[in-house]
There are 2 protein chains.
Amino acid sequence: MILSALVTSVGINTALCFIFLILYTILRNRPSNAALYLPRLVAEGNLREGNVLGLRKCLSSFSWVKRAWEATEAELLENSGLDAVVFMRIFVFELRVFQFATIIGIFILLPFNYMGNQLDIDFTDLANKSLETFSISNVDDGSNRLWIHFTAVYIFTAVVCYLLYSEYDDIAALRISSFYSSKPQPKQFTVLVRSIPVTSEKTFSDSVGSFFSECYPSTYLSHSNEADKVYKGLVHLKSEVSAQKIFNREGCFGIFGQKSEPVDQYDKDVEDVERNMSAEQFSLIGEAVPAAFVSFKSRFSAAIVSHLQQGVNPTDWQTEPAPDPQDVYWPFFSASFITRWMCSVIVIFACLIITILFLVPVFIAQGLTNLTQLETMLPFLSGILRMKIVTQVVTGYLPSLILEIFLVLVPPVMIVLSSMQGHVALSQIEKSACIKMLWFTIWNIFFANVLSGSALYRLGIILEPKKFTELLAVSVPGQASFFIAYVVTSGWTVIFCIELFRLKFLIFRILKGALCCCSNEDEFISNPYHKQIPRILFFSLLGIIYFFLSPLILPFVMIFYGLGYIIYRNQLLNVYIPKYETGGKFWPVVHDATIVFLILMHVIAIGVFAVKKVHFASTLTVPLPILTLLFNSYCQKRFLPSFKGYPAECLINKDRLDLNDPSISSFYERLATAYEDPAMEAGRDYLAGETSATTPLLRDVSEV
Amino acid sequence: MILSALVTSVGINTALCFIFLILYTILRNRPSNAALYLPRLVAEGNLREGNVLGLRKCLSSFSWVKRAWEATEAELLENSGLDAVVFMRIFVFELRVFQFATIIGIFILLPFNYMGNQLDIDFTDLANKSLETFSISNVDDGSNRLWIHFTAVYIFTAVVCYLLYSEYDDIAALRISSFYSSKPQPKQFTVLVRSIPVTSEKTFSDSVGSFFSECYPSTYLSHSNEADKVYKGLVHLKSEVSAQKIFNREGCFGIFGQKSEPVDQYDKDVEDVERNMSAEQFSLIGEAVPAAFVSFKSRFSAAIVSHLQQGVNPTDWQTEPAPDPQDVYWPFFSASFITRWMCSVIVIFACLIITILFLVPVFIAQGLTNLTQLETMLPFLSGILRMKIVTQVVTGYLPSLILEIFLVLVPPVMIVLSSMQGHVALSQIEKSACIKMLWFTIWNIFFANVLSGSALYRLGIILEPKKFTELLAVSVPGQASFFIAYVVTSGWTVIFCIELFRLKFLIFRILKGALCCCSNEDEFISNPYHKQIPRILFFSLLGIIYFFLSPLILPFVMIFYGLGYIIYRNQLLNVYIPKYETGGKFWPVVHDATIVFLILMHVIAIGVFAVKKVHFASTLTVPLPILTLLFNSYCQKRFLPSFKGYPAECLINKDRLDLNDPSISSFYERLATAYEDPAMEAGRDYLAGETSATTPLLRDVSEV
């Protein structure tokens, strides 16, 4: 790739970004768009008149950038919770890494690369210079200048490790302090108990009650385990009602439906279904399932129960910390140990299959970068394809666009897979999907691209370390242009476009209208971290790899990072409302991924030094990944336990503070019913006759 | 290798075994040998006159075999504890595996192997027939008979997995029942706390006291954390005294010493040292270290403290279940987290280096199997080496003897390494050494042997799965003779000889006399499981691999296993006294190793089917290792937690039973001083003036 093509690509993307920003600033200040662009403020009733300005002042009103930049961490913590702070910390961490990498890369490595004579290139025309002139590929074989790169790799690793350590330390401390400052929450006092053993004499509910009141007589409070079956029954009936409605109303899409059937008939059907439901519900309520939420009077007791094996058989009485009531994912609430285990095994295989299938779009995108191949396939385009601007757009922009479109499809698939894995909390599903997406991206975008160029026909090469290292060393610098310039900059542009204009939400609304489906719109106002973290991380981690290979790219990456930082700080303050918290548990994922990419960089460095015939440097780099792994192992011992639960000291102190709190007894009362599904409450009321038989039990969500 | 050589080898070894057994029976019944062969009975005062018979009745008195065979599991449990029962269970498990393998191997696989025509061998002379005639190598390429082997591998894996599961289940249940029937033990109520944070106001002892009495006011009992420094001081002074003594007494080995120095002078020196020591001790007692044994009033509280992270920083207030008082290994008692972590990292590297260095004796042993090479090296031996019997002994017996001698050196090295790893209990060191030995044996004996034949010069082959599988498929059946016939049978013979006649103990006594050293003889009466389990397991696991490769070997292996079973049942009832217990924690090690060998068998099977050109069978075998790993993962979830601690239900029940026990208050009193080092008690007494200044503080162990 030549320099001018990079500049074209970066130019197009930067221009697009600024157009988006201006458009956004204009659109967001129109009162009619507030619900779309500032849904959080609308939902909280905080939308002051002063925020909504006339079109005239719009262009000058970039105050949202200022506000987003100036918001303090404490403000963010209060507004959006710990997860949002950690999310922003990820940005800050990456920006710091790039800051250091850019200084070293541009002022030290780049001049030495440029002074090399390895590549035989015409030096008269700067615009048509290959990007590789600025990369390590241009340094002469066996040159002593490579020792500068060697030193840079060591120093860079040390700095990144230092930043990782201090960030981990900060976030761990933040986690504890936000726990201390939190109000009593049901999840802190509650444990999810599953696989309650079957006995002939007792119901599940009695078993739970007697087991925990016997083992923890002084702190056991209550339990609830009837929700699940009722929930399932309701879901079944809801779908029956919806299906009837869609079919009866106007036919599919409202286009070729027959309106002959009277509306009365539809109403009558719904009434029938509801009458059946109440009978079914009648039989369901009281029928318990082998799982329960068990609440205790202290956080410490709940922690003890969730950490210690309860029954003699480790697969009976399985305990885990309860999620927030609104975070509960009911379908696996009462699933047995073996079901969940088998589901997770199946999901792992499904992930493998999807990862392999995704190679197809990767190949298509790769094919587009090779124009001659495209001309052979579509000969009628050859005229257009020979135009210079078209060439640059097609080879530069199209492949990443295709990849982006396919990548947009992956997170929902990963969410579906994760939701089948047996998790009982939406936040667990999100985190699991996030990890899946991250590995998927690393594998399918990075490795598949590197390998497809030269050696995908023999996947076995991955298992031959020496050859693989050299393949990486040869392929990666050459692929630098494709990866960084295109994927990162245009990838960010697409993300900005989607995020700023809430495109996914608009598309969803259009689709919803067309298909008459009645899904929940709430999710577009809650934080979908699992979708954002993997991409943001992947783009930044590519920067780590290209640090010493091709430093020219770093400033561009940093600019887009800074833009992303502002925009996400804004989508967090004004758009998203956290529904539930993971308590900063995303940071260990980021830490691990960074370590993986550091080691990947070391492996490539070992390969590059070997290919460049500085074998001594290659050998001396070998301890670096080992040291990095040792650092990681130390961090895991030093910090990871703090992310798995809260220490006894904190729990006991917090419990003591509660003793002086007069509101705690009323909290205990609320706690006893916190883990009841709202649908079930309605069902209970219905049975108790509090709701009249004519009031529809099921609110039609699509009509809200 | 030819059949007659195998028969010779097995013959020699079986004959040796029976000679050993007869000799042992004669020797053990001589009253003067009782302390050597029946030390347990002597120590317990259970040696009745009736057991000691005249020489006449000796030969007919194989009653010890009967007694050893008839002892029930309950008897063994009472006599030698759970570890001994698990040790015997390992034998029983392996015997069951071999029983099944022998039936399938001899009656189904062997005839099909023998009927093959792949190997071009002279069929007229049975004695000179190669063992490979009976192995899978003899089955024709592409033959449908290989589907029988395919079926056998699947069935065999299923049976082994079933046996593993039921054994795991039984041992887990046994663990719980032996916990229920146990008397209150200090370790059940105690937690080891390390990395006590430094504060300027408080001593470590005060910190511990205030932290635990504040967090666990109702159940905290006491703590002790002064032992360590005193211990270190004493060890230092002990070695000073010993060194002076050895040097002063008669010179080294009592040969070239000068007796001119008067004995009075020596005694004066010792007195000086002891006076110094008392002063040093004076300054040491009261000086605390950042570690303590903290005792609680209930087992459940101790379990809570050892399972939950206590302080905000996970590397402060580190807790773990305390070992038995006599199991404590003091040197790492107060080591900081970072010291222990770095020690364990260093030990891992040391293990790797030793494993690589051990290849030298393996090569020497391998070289001996090649006689022409030996003749070139030592030409004067050529006459002798051409004799048939010498050939068979040198190629058959010598290599395994050399390996055996070197293998005897490895366990002490592994013990030293494990003791440097930061463990605080002797039993932990034993288990860790056991695991190290196991992997060492698997790697250095199995893989190094397989690879040395053809391809050790390119170790890289291990990382090329396809080639490696095929290399295994080609090499392993060919190496069957060497491994099974020699290593297993002669290995067992050497073990029997060492165990029956307590050779190690005799050698140790001789060395001790010669070197005037004063080590503890106690260890020769306590169970050294770490030395026995890896070998026993390794031999038996080789049987798993050869099951479908070369079934002829299986009956011989089974016979030696049966013998081992009786002899070890006897070395447990009459010889060894358990000093401490791991509570059956060796079983998960056995389980994991068996799974590894099953998978190794599957890999070899895949390779064999591919080499034999039955590619469909090869492909159909691929799911088997995956299924086995899934089975292993299920077992780990189902049983492993039970081996890491005791469930809350059991702890609470057991604690409640204690409430009615009148002796519990006196137990609490003893508990407060249970974790004081005996040396320190003496030191305390000394300081308190209870011991007169003339009484030597240090008992000279070598004079006992």
# chains A, B, ... in the order shown; residues from 1 in each chain; ligands from 1

call {"tool": "interface_residues", "arguments": {"of": "chain A", "to": "chain B", "cutoff": "8 Å", "atoms": "only C-alpha atoms", "output": "ChimeraX atom specification"}}
result
/A:176,215,304,307-315,460,463-465,637-639,641-642,646-650,652

call {"tool": "write_last_selection", "arguments": {"atoms": "C-alpha atoms", "output": "CSV table (one decimal), in the first residue's frame"}}
result
chain,number,residue,atom,x,y,z
A,176,ILE,CA,-14.2,-1.8,47.2
A,215,CYS,CA,-27.5,-24.6,59.1
A,304,ILE,CA,-20.2,-17.8,53.2
A,307,HIS,CA,-18.3,-19.7,48.6
A,308,LEU,CA,-18.6,-22.9,50.6
A,309,GLN,CA,-19.7,-26.2,49.3
A,310,GLN,CA,-23.0,-26.8,51.1
A,311,GLY,CA,-24.0,-30.4,50.6
A,312,VAL,CA,-22.0,-33.6,50.6
A,313,ASN,CA,-22.5,-34.0,46.9
A,314,PRO,CA,-20.9,-30.9,45.2
A,315,THR,CA,-23.5,-31.0,42.4
A,460,GLY,CA,-1.3,-27.0,10.3
A,463,LEU,CA,1.2,-25.9,15.2
A,464,GLU,CA,4.8,-25.5,14.0
A,465,PRO,CA,6.1,-22.8,16.3
A,637,LYS,CA,-2.9,-13.6,42.4
A,638,ARG,CA,-2.7,-10.0,43.5
A,639,PHE,CA,-6.0,-8.7,42.1
A,641,PRO,CA,-9.6,-12.6,43.9
A,642,SER,CA,-10.9,-9.1,44.6
A,646,TYR,CA,-15.8,-9.0,48.4
A,647,PRO,CA,-13.3,-9.7,51.3
A,648,ALA,CA,-14.6,-10.8,54.7
A,649,GLU,CA,-13.3,-7.6,56.3
A,650,CYS,CA,-15.4,-5.3,54.1
A,652,ILE,CA,-18.4,-7.6,58.1

call {"tool": "residues_around", "arguments": {"residues": "Phe440 (chain B)", "least_positions_apart": "4", "cutoff": "12 Å", "atoms": "only C-alpha atoms", "output": "list of chain:residue names"}}
result
B:Cys351, B:Leu352, B:Ile353, B:Ile354, B:Thr355, B:Ile356, B:Leu357, B:Phe358, B:Leu359, B:Leu407, B:Val410, B:Pro411, B:Val413, B:Met414, B:Ala433, B:Cys434, B:Ile435, B:Lys436, B:Asn444, B:Ile445, B:Phe446, B:Phe447, B:Ala448, B:Pro534, B:Arg535, B:Phe538

call {"tool": "write_last_selection", "arguments": {"atoms": "N, CA and C atoms", "output": "PDB file, in the first residue's frame"}}
result
ATOM      1  N   CYS B 351      12.945 -27.817  37.773  1.00  0.00           N
ATOM      2  CA  CYS B 351      12.383 -29.107  37.336  1.00  0.00           C
ATOM      3  C   CYS B 351      12.632 -29.324  35.851  1.00  0.00           C
ATOM      4  N   LEU B 352      12.420 -28.268  35.071  1.00  0.00           N
ATOM      5  CA  LEU B 352      12.626 -28.379  33.626  1.00  0.00           C
ATOM      6  C   LEU B 352      14.081 -28.747  33.331  1.00  0.00           C
ATOM      7  N   ILE B 353      15.007 -28.093  34.034  1.00  0.00           N
ATOM      8  CA  ILE B 353      16.427 -28.344  33.777  1.00  0.00           C
ATOM      9  C   ILE B 353      16.786 -29.782  34.145  1.00  0.00           C
ATOM     10  N   ILE B 354      16.293 -30.247  35.306  1.00  0.00           N
ATOM     11  CA  ILE B 354      16.587 -31.624  35.724  1.00  0.00           C
ATOM     12  C   ILE B 354      16.024 -32.626  34.725  1.00  0.00           C
ATOM     13  N   THR B 355      14.805 -32.332  34.252  1.00  0.00           N
ATOM     14  CA  THR B 355      14.183 -33.246  33.285  1.00  0.00           C
ATOM     15  C   THR B 355      15.044 -33.362  32.030  1.00  0.00           C
ATOM     16  N   ILE B 356      15.619 -32.233  31.603  1.00  0.00           N
ATOM     17  CA  ILE B 356      16.460 -32.274  30.404  1.00  0.00           C
ATOM     18  C   ILE B 356      17.774 -33.014  30.699  1.00  0.00           C
ATOM     19  N   LEU B 357      18.377 -32.743  31.864  1.00  0.00           N
ATOM     20  CA  LEU B 357      19.647 -33.397  32.207  1.00  0.00           C
ATOM     21  C   LEU B 357      19.496 -34.908  32.333  1.00  0.00           C
ATOM     22  N   PHE B 358      18.306 -35.341  32.749  1.00  0.00           N
ATOM     23  CA  PHE B 358      18.108 -36.772  32.958  1.00  0.00           C
ATOM     24  C   PHE B 358      18.125 -37.561  31.650  1.00  0.00           C
ATOM     25  N   LEU B 359      18.068 -36.846  30.549  1.00  0.00           N
ATOM     26  CA  LEU B 359      18.117 -37.560  29.266  1.00  0.00           C
ATOM     27  C   LEU B 359      19.433 -38.319  29.112  1.00  0.00           C
ATOM     28  N   LEU B 407      16.683 -43.651  38.674  1.00  0.00           N
ATOM     29  CA  LEU B 407      15.341 -43.256  39.136  1.00  0.00           C
ATOM     30  C   LEU B 407      15.274 -43.169  40.650  1.00  0.00           C
ATOM     31  N   VAL B 410      16.036 -39.781  41.864  1.00  0.00           N
ATOM     32  CA  VAL B 410      15.152 -38.654  41.534  1.00  0.00           C
ATOM     33  C   VAL B 410      14.217 -38.245  42.681  1.00  0.00           C
ATOM     34  N   PRO B 411      13.545 -39.205  43.366  1.00  0.00           N
ATOM     35  CA  PRO B 411      12.592 -38.751  44.401  1.00  0.00           C
ATOM     36  C   PRO B 411      13.197 -37.813  45.444  1.00  0.00           C
ATOM     37  N   VAL B 413      15.556 -35.717  45.056  1.00  0.00           N
ATOM     38  CA  VAL B 413      15.736 -34.419  44.398  1.00  0.00           C
ATOM     39  C   VAL B 413      14.392 -33.705  44.306  1.00  0.00           C
ATOM     40  N   MET B 414      13.353 -34.462  43.930  1.00  0.00           N
ATOM     41  CA  MET B 414      12.021 -33.857  43.799  1.00  0.00           C
ATOM     42  C   MET B 414      11.501 -33.383  45.156  1.00  0.00           C
ATOM     43  N   ALA B 433       5.735 -33.505  45.301  1.00  0.00           N
ATOM     44  CA  ALA B 433       6.836 -34.324  44.782  1.00  0.00           C
ATOM     45  C   ALA B 433       6.295 -35.503  43.991  1.00  0.00           C
ATOM     46  N   CYS B 434       5.171 -36.044  44.464  1.00  0.00           N
ATOM     47  CA  CYS B 434       4.547 -37.176  43.770  1.00  0.00           C
ATOM     48  C   CYS B 434       4.140 -36.778  42.356  1.00  0.00           C
ATOM     49  N   ILE B 435       3.525 -35.616  42.237  1.00  0.00           N
ATOM     50  CA  ILE B 435       3.082 -35.157  40.916  1.00  0.00           C
ATOM     51  C   ILE B 435       4.301 -34.891  40.033  1.00  0.00           C
ATOM     52  N   LYS B 436       5.330 -34.283  40.598  1.00  0.00           N
ATOM     53  CA  LYS B 436       6.550 -34.012  39.827  1.00  0.00           C
ATOM     54  C   LYS B 436       7.170 -35.309  39.320  1.00  0.00           C
ATOM     55  N   ASN B 444      10.408 -38.706  30.908  1.00  0.00           N
ATOM     56  CA  ASN B 444      11.765 -39.185  30.693  1.00  0.00           C
ATOM     57  C   ASN B 444      11.840 -40.656  30.360  1.00  0.00           C
ATOM     58  N   ILE B 445      10.915 -41.432  30.854  1.00  0.00           N
ATOM     59  CA  ILE B 445      10.987 -42.858  30.552  1.00  0.00           C
ATOM     60  C   ILE B 445      10.184 -43.174  29.306  1.00  0.00           C
ATOM     61  N   PHE B 446       8.985 -42.609  29.233  1.00  0.00           N
ATOM     62  CA  PHE B 446       8.145 -42.980  28.088  1.00  0.00           C
ATOM     63  C   PHE B 446       8.526 -42.222  26.828  1.00  0.00           C
ATOM     64  N   PHE B 447       8.366 -40.905  26.874  1.00  0.00           N
ATOM     65  CA  PHE B 447       8.573 -40.146  25.634  1.00  0.00           C
ATOM     66  C   PHE B 447      10.024 -40.162  25.177  1.00  0.00           C
ATOM     67  N   ALA B 448      10.942 -39.948  26.122  1.00  0.00           N
ATOM     68  CA  ALA B 448      12.343 -39.899  25.730  1.00  0.00           C
ATOM     69  C   ALA B 448      12.755 -41.222  25.097  1.00  0.00           C
ATOM     70  N   PRO B 534       4.029 -42.718  42.120  1.00  0.00           N
ATOM     71  CA  PRO B 534       4.357 -42.449  40.718  1.00  0.00           C
ATOM     72  C   PRO B 534       4.813 -43.681  39.956  1.00  0.00           C
ATOM     73  N   ARG B 535       5.664 -44.520  40.613  1.00  0.00           N
ATOM     74  CA  ARG B 535       6.148 -45.689  39.890  1.00  0.00           C
ATOM     75  C   ARG B 535       5.045 -46.697  39.642  1.00  0.00           C
ATOM     76  N   PHE B 538       2.858 -45.436  37.031  1.00  0.00           N
ATOM     77  CA  PHE B 538       3.484 -45.410  35.715  1.00  0.00           C
ATOM     78  C   PHE B 538       3.483 -46.796  35.088  1.00  0.00           C
TER      79      PHE B 538
END

call {"tool": "closest_residue", "arguments": {"among": "A:Ile442, A:Met420, A:Ile106, A:Ile364", "to": "Pro551 (chain A)", "atoms": "only C-alpha atoms"}}
result
A:Ile106

call {"tool": "residues_around", "arguments": {"residues": "region 84-94 of chain A", "least_positions_apart": "6", "cutoff": "8 Å", "atoms": "only C-alpha atoms", "output": "mmCIF file with N, CA and C atoms, in the first residue's frame"}}
result
data_model
loop_
_atom_site.group_PDB
_atom_site.id
_atom_site.type_symbol
_atom_site.label_atom_id
_atom_site.label_comp_id
_atom_site.auth_asym_id
_atom_site.auth_seq_id
_atom_site.Cartn_x
_atom_site.Cartn_y
_atom_site.Cartn_z
ATOM 1 N N GLU A 73 -14.857 11.631 37.125
ATOM 2 C CA GLU A 73 -15.101 10.198 37.293
ATOM 3 C C GLU A 73 -16.198 9.962 38.331
ATOM 4 N N LEU A 76 -19.492 10.398 36.727
ATOM 5 C CA LEU A 76 -19.786 9.237 35.886
ATOM 6 C C LEU A 76 -20.202 8.047 36.750
ATOM 7 N N LEU A 77 -19.486 7.877 37.877
ATOM 8 C CA LEU A 77 -19.776 6.766 38.786
ATOM 9 C C LEU A 77 -21.197 6.880 39.333
ATOM 10 N N LEU A 163 1.372 0.220 33.382
ATOM 11 C CA LEU A 163 0.041 0.833 33.250
ATOM 12 C C LEU A 163 -1.062 -0.166 33.620
ATOM 13 N N LEU A 164 -0.890 -1.403 33.159
ATOM 14 C CA LEU A 164 -1.874 -2.443 33.483
ATOM 15 C C LEU A 164 -1.970 -2.622 34.990
ATOM 16 N N GLU A 167 -3.602 0.363 36.747
ATOM 17 C CA GLU A 167 -5.029 0.408 36.422
ATOM 18 C C GLU A 167 -5.800 -0.664 37.199
ATOM 19 N N ILE A 171 -8.708 0.106 39.857
ATOM 20 C CA ILE A 171 -10.075 -0.399 39.671
ATOM 21 C C ILE A 171 -10.474 -1.296 40.834
ATOM 22 N N TYR A 529 -22.308 -3.359 26.861
ATOM 23 C CA TYR A 529 -20.849 -3.392 26.906
ATOM 24 C C TYR A 529 -20.259 -4.528 26.078
ATOM 25 N N ILE A 533 -16.898 -3.422 23.953
ATOM 26 C CA ILE A 533 -15.556 -3.698 24.473
ATOM 27 C C ILE A 533 -14.695 -4.516 23.507
ATOM 28 N N SER A 540 -7.448 -1.349 19.533
ATOM 29 C CA SER A 540 -6.324 -0.803 20.281
ATOM 30 C C SER A 540 -5.192 -1.812 20.376
ATOM 31 N N TYR A 561 -9.053 7.267 18.704
ATOM 32 C CA TYR A 561 -9.324 6.883 20.085
ATOM 33 C C TYR A 561 -9.849 8.037 20.892
ATOM 34 N N TYR A 565 -13.389 8.355 22.745
ATOM 35 C CA TYR A 565 -13.470 8.637 24.180
ATOM 36 C C TYR A 565 -14.549 9.677 24.461
ATOM 37 N N TYR A 568 -18.175 8.317 23.522
ATOM 38 C CA TYR A 568 -18.725 7.352 24.469
ATOM 39 C C TYR A 568 -19.011 7.976 25.825
ATOM 40 N N ARG A 569 -18.189 8.935 26.238
ATOM 41 C CA ARG A 569 -18.474 9.623 27.497
ATOM 42 C C ARG A 569 -19.805 10.338 27.418
ATOM 43 N N LEU A 572 -22.891 7.528 27.264
ATOM 44 C CA LEU A 572 -23.006 7.119 28.703
ATOM 45 C C LEU A 572 -23.729 8.159 29.536
ATOM 46 N N GLY A 584 -17.433 -3.889 37.679
ATOM 47 C CA GLY A 584 -16.096 -3.730 37.088
ATOM 48 C C GLY A 584 -15.452 -5.026 36.648
ATOM 49 N N PHE A 586 -15.384 -6.377 33.931
ATOM 50 C CA PHE A 586 -14.872 -6.403 32.565
ATOM 51 C C PHE A 586 -13.362 -6.147 32.521
ATOM 52 N N TRP A 587 -12.832 -5.495 33.587
ATOM 53 C CA TRP A 587 -11.419 -5.154 33.526
ATOM 54 C C TRP A 587 -10.503 -6.379 33.388
ATOM 55 N N VAL A 590 -10.092 -7.277 29.875
ATOM 56 C CA VAL A 590 -9.223 -6.359 29.146
ATOM 57 C C VAL A 590 -7.758 -6.660 29.457
#

call {"tool": "residues_around", "arguments": {"residues": "region 217-219 of chain A", "least_positions_apart": "6", "cutoff": "8 Å", "atoms": "only C-alpha atoms", "output": "list in words"}}
result
Phe296, Lys297, Ser298 and Ser301 of chain A

call {"tool": "write_last_selection", "arguments": {"atoms": "N, CA and C atoms", "output": "mmCIF file, in the first residue's frame"}}
result
data_model
loop_
_atom_site.group_PDB
_atom_site.id
_atom_site.type_symbol
_atom_site.label_atom_id
_atom_site.label_comp_id
_atom_site.auth_asym_id
_atom_site.auth_seq_id
_atom_site.Cartn_x
_atom_site.Cartn_y
_atom_site.Cartn_z
ATOM 1 N N PHE A 296 -30.410 -13.732 53.268
ATOM 2 C CA PHE A 296 -29.877 -13.770 54.630
ATOM 3 C C PHE A 296 -29.924 -12.376 55.230
ATOM 4 N N LYS A 297 -29.715 -12.340 56.543
ATOM 5 C CA LYS A 297 -29.766 -11.040 57.216
ATOM 6 C C LYS A 297 -28.473 -10.260 57.078
ATOM 7 N N SER A 298 -27.402 -10.941 56.667
ATOM 8 C CA SER A 298 -26.136 -10.209 56.519
ATOM 9 C C SER A 298 -25.461 -10.580 55.204
ATOM 10 N N SER A 301 -23.012 -13.631 55.667
ATOM 11 C CA SER A 301 -23.614 -14.968 55.592
ATOM 12 C C SER A 301 -23.857 -15.384 54.153
#

call {"tool": "atom_distance", "arguments": {"atom1": "CA of Ala152 (chain B)", "atom2": "CA of Phe539 (chain B)"}}
result
21.1 Å

call {"tool": "atom_distance", "arguments": {"atom1": "CA of Ala335 (chain A)", "atom2": "CA of Ser205 (chain A)"}}
result
15.9 Å

call {"tool": "atom_distance", "arguments": {"atom1": "CA of Leu671 (chain B)", "atom2": "CA of Gly81 (chain B)"}}
result
21.8 Å
